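Chemist: Dropping a structure here in structure tokens format, bear with me for questions.
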Amino acid sequence: MHQNTQEWQMDTLLTHAGRKGKAHSGPVNPPVIRASTMLFPNVAALRQATGTRGIYGRHGNETTQALEHALCAAEGAASCLLTPSGLSAITTTLLALLKPGDHLLMVDTTYDPTRLFCDGMLKQIGISTTYYDPLIGADIGTLMQANTKVVFVESPGSLTFEVQDIPAIAKVAHAQGALLVSDSTWATPIGWSSFALGIDVSIHAATKYIVGHSDALMGIILTTTALTDTLRCTYKQLGLSISGDDAALALRGLRSMSARLAMHRSSAHTVAAWLQAQPEVAEVLYPPMPGAAGHAIWKRDFRPEYACGLMGAVFRRDITEQQVAALIDRTQLFGIGFSWGGYESLIIPTAPATCRTVNANKWQAPMMRLHVGLESVQDLLADLEAGFAALRETQSQPIKVAA
Ligand SMILES: Cc1ncc(COP(=O)(O)O)c(C=O)c1O
């Protein structure tokens, strides 16, 4: 029996959800089960079990189910599916909710491989996609077609961090019979009340803050009762499952996620303010920072105590890509790598214009993305200081403007 978690504060919930409660004796954590085959003592038991989830390893086990329970409790979902990556959680959901002839409204700031899936496999099977401006709000109605079945949001957006007006978009989508699907990775399951905002399916790359230690890939599909069977049916047909080892890593990450987020958030605020004060930086893209783009909607819809450590910085137009590369190369504590959400700080140059079809011109200046990790923030600032010194030492060259 899992405990009733409804009354608890979030920190308590993350510590106890998916565990068996006071009556339990034995190891605190569920055992890590590695199993493909499940054995039955006789034919009668085999027959009795047929049709239930526990008859074969792909259907999950005690370790994966503990994680599912904990994640449902954290985000207030009715059901949870665990997939081998964040991207597979997105593709599975879209395949489950769309059929040939349907239309999808996809936010232009979506994680780029999501776009590849829409323009590739979905298109091949006769599902069309229109990309929309993340700041469209209630005007999403102007893009809805009779066959629009899903509106997909990602807020803040990948690389450029626009905050979407989710309740306004949800209202229009629902009024016209479409579902609202969200890539909620930045928010994490505890950073907002996704279902209260109007989201029908909330997807996470658990690879990021849930696992939290950069040692496993995983995706999560959380939803309400109404869509549980539809999503599970596609998930089963695609043959998806995750290992007990990865489930245990994610469960371990989840236990400390709110404590980690508190430090990510606090250091990220300090780093964002420091970056904003550098003369070469035109704009810091970190919605939790007062005065940043999207802050008002972020404050309305997100839980401020669980903001994460991912942000962007836009340089002045006269700063060159070479100068940004010199900055990034000089830092010692910020690793150069494509993920985020682990305990460590990361930094990469970004070029959003190369993967946008709406308002791409807006993003022509050099940019970088930073993940502020759990190192001492003083050390991180000193590291960035050294990086900016390298940027300043590198001779500025005029930006080549495309003809
Ligand atoms: C916003 C967002 N969604 C989804 C994903 C995909 O997650 P995964 O790498 O686990 O497939 C990522 C990965 O970077 C991401 O940043």
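Simple scheme: letters A, B, ... for chains in structure tokens order, numbers from 1 for residues in each chain, numbers from 1 for ligands in the order shown.
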Which chains and residue numbers are within 7 Å of ligand 1, counting only C-alpha atoms and all ligand atoms, if I want them as a PyMOL selection string?

Modeler: chain A and resi 85-88+111+158+183+185-186+204-207+217-219+338-340

Chemist: Excluding Tyr306 of chain A and any residue of its chain fewer than 4 positions from it, enumerate the residues within 10 Å of it, using only C-alpha atoms, and give them as a ChimeraX atom specification.

Modeler: /A:187-192,257-266,288,302

Chemist: How about saving the chosen residues, C-alpha atoms kept, as a PDB file, in the first residue's frame?

Modeler:
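Result file follows (selection_11.pdb):
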```pdb
ATOM      1  CA  ALA A 187       9.443  23.171 -14.768  1.00  0.00           C
ATOM      2  CA  THR A 188      10.137  19.654 -13.390  1.00  0.00           C
ATOM      3  CA  PRO A 189       7.109  17.843 -11.875  1.00  0.00           C
ATOM      4  CA  ILE A 190       7.155  20.192  -8.867  1.00  0.00           C
ATOM      5  CA  GLY A 191       7.766  23.589 -10.475  1.00  0.00           C
ATOM      6  CA  TRP A 192       4.123  24.218 -11.374  1.00  0.00           C
ATOM      7  CA  MET A 257      15.297  17.102  -6.224  1.00  0.00           C
ATOM      8  CA  SER A 258      13.662  19.925  -4.246  1.00  0.00           C
ATOM      9  CA  ALA A 259      16.836  20.431  -2.160  1.00  0.00           C
ATOM     10  CA  ARG A 260      18.979  20.482  -5.298  1.00  0.00           C
ATOM     11  CA  LEU A 261      16.604  22.872  -7.071  1.00  0.00           C
ATOM     12  CA  ALA A 262      16.817  25.285  -4.122  1.00  0.00           C
ATOM     13  CA  MET A 263      20.574  25.599  -4.678  1.00  0.00           C
ATOM     14  CA  HIS A 264      20.356  25.619  -8.490  1.00  0.00           C
ATOM     15  CA  ARG A 265      17.787  28.411  -8.227  1.00  0.00           C
ATOM     16  CA  SER A 266      19.704  30.485  -5.696  1.00  0.00           C
ATOM     17  CA  PRO A 288      12.705  33.849 -12.669  1.00  0.00           C
ATOM     18  CA  PHE A 302       5.298  28.684 -11.650  1.00  0.00           C
TER      19      PHE A 302
END
```

Chemist: Do a neighbour search on Phe161 of chain A at 10 Å with only C-alpha atoms, toss out local chain neighbours closer than 6 positions, and write the hits as a ChimeraX atom specification.

Modeler: /A:109,134,154-155,186,284-287,293-294,310-312

Chemist: Residues within 6 Å of segment 193-203 of chain A, please, as a PyMOL selection string. Count only C-alpha atoms; anything in the same chain fewer than 5 positions from it doesn't count.

Modeler: chain A and resi 167+170+180-184+220-223

Chemist: What residues in segment 283-348 of chain A get the DSSP label strand (DSSP E)? Please answer as a ChimeraX atom specification.

Modeler: /A:283-285,310-315,346-348

Chemist: Atom CA of Thr160 of chain A and atom CA of Pro352 of chain A are how many Å apart?

Modeler: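 Between atom CA of Thr160 of chain A and atom CA of Pro352 of chain A the gap is 7.3 Å.
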
Chemist: Give me the residues near segment 46-55 of chain A as a compact mmCIF listing (two decimals) with C-alpha atoms, in the first residue's frame, where near means some atom within 12 Å (using only C-alpha atoms) and where sequence neighbours in that chain fewer than 3 positions away do not count.

Modeler:
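Produced file selection12.txt, reproduced below:
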```txt
# COMPACT_ATOMS: atom_id res chain seq x y z
CA ALA A 35 14.12 -9.15 -14.81
CA SER A 36 12.81 -10.14 -18.18
CA THR A 37 11.19 -13.42 -17.10
CA MET A 38 8.61 -13.74 -14.33
CA LEU A 39 7.96 -17.28 -13.06
CA PHE A 40 4.68 -18.77 -11.85
CA PRO A 41 4.33 -21.79 -9.56
CA ASN A 42 1.69 -23.53 -11.73
CA VAL A 43 -0.59 -23.12 -14.73
CA ARG A 58 8.73 -5.21 -20.04
CA HIS A 59 5.58 -4.41 -18.07
CA GLY A 60 7.61 -3.10 -15.15
CA ASN A 61 8.36 -4.32 -11.66
CA GLU A 62 8.47 -3.16 -8.06
CA THR A 64 9.64 0.98 -11.76
CA GLN A 65 6.23 1.05 -10.06
CA ARG A 232 -0.63 3.10 -22.43
CA LYS A 236 2.71 -1.13 -25.17
```
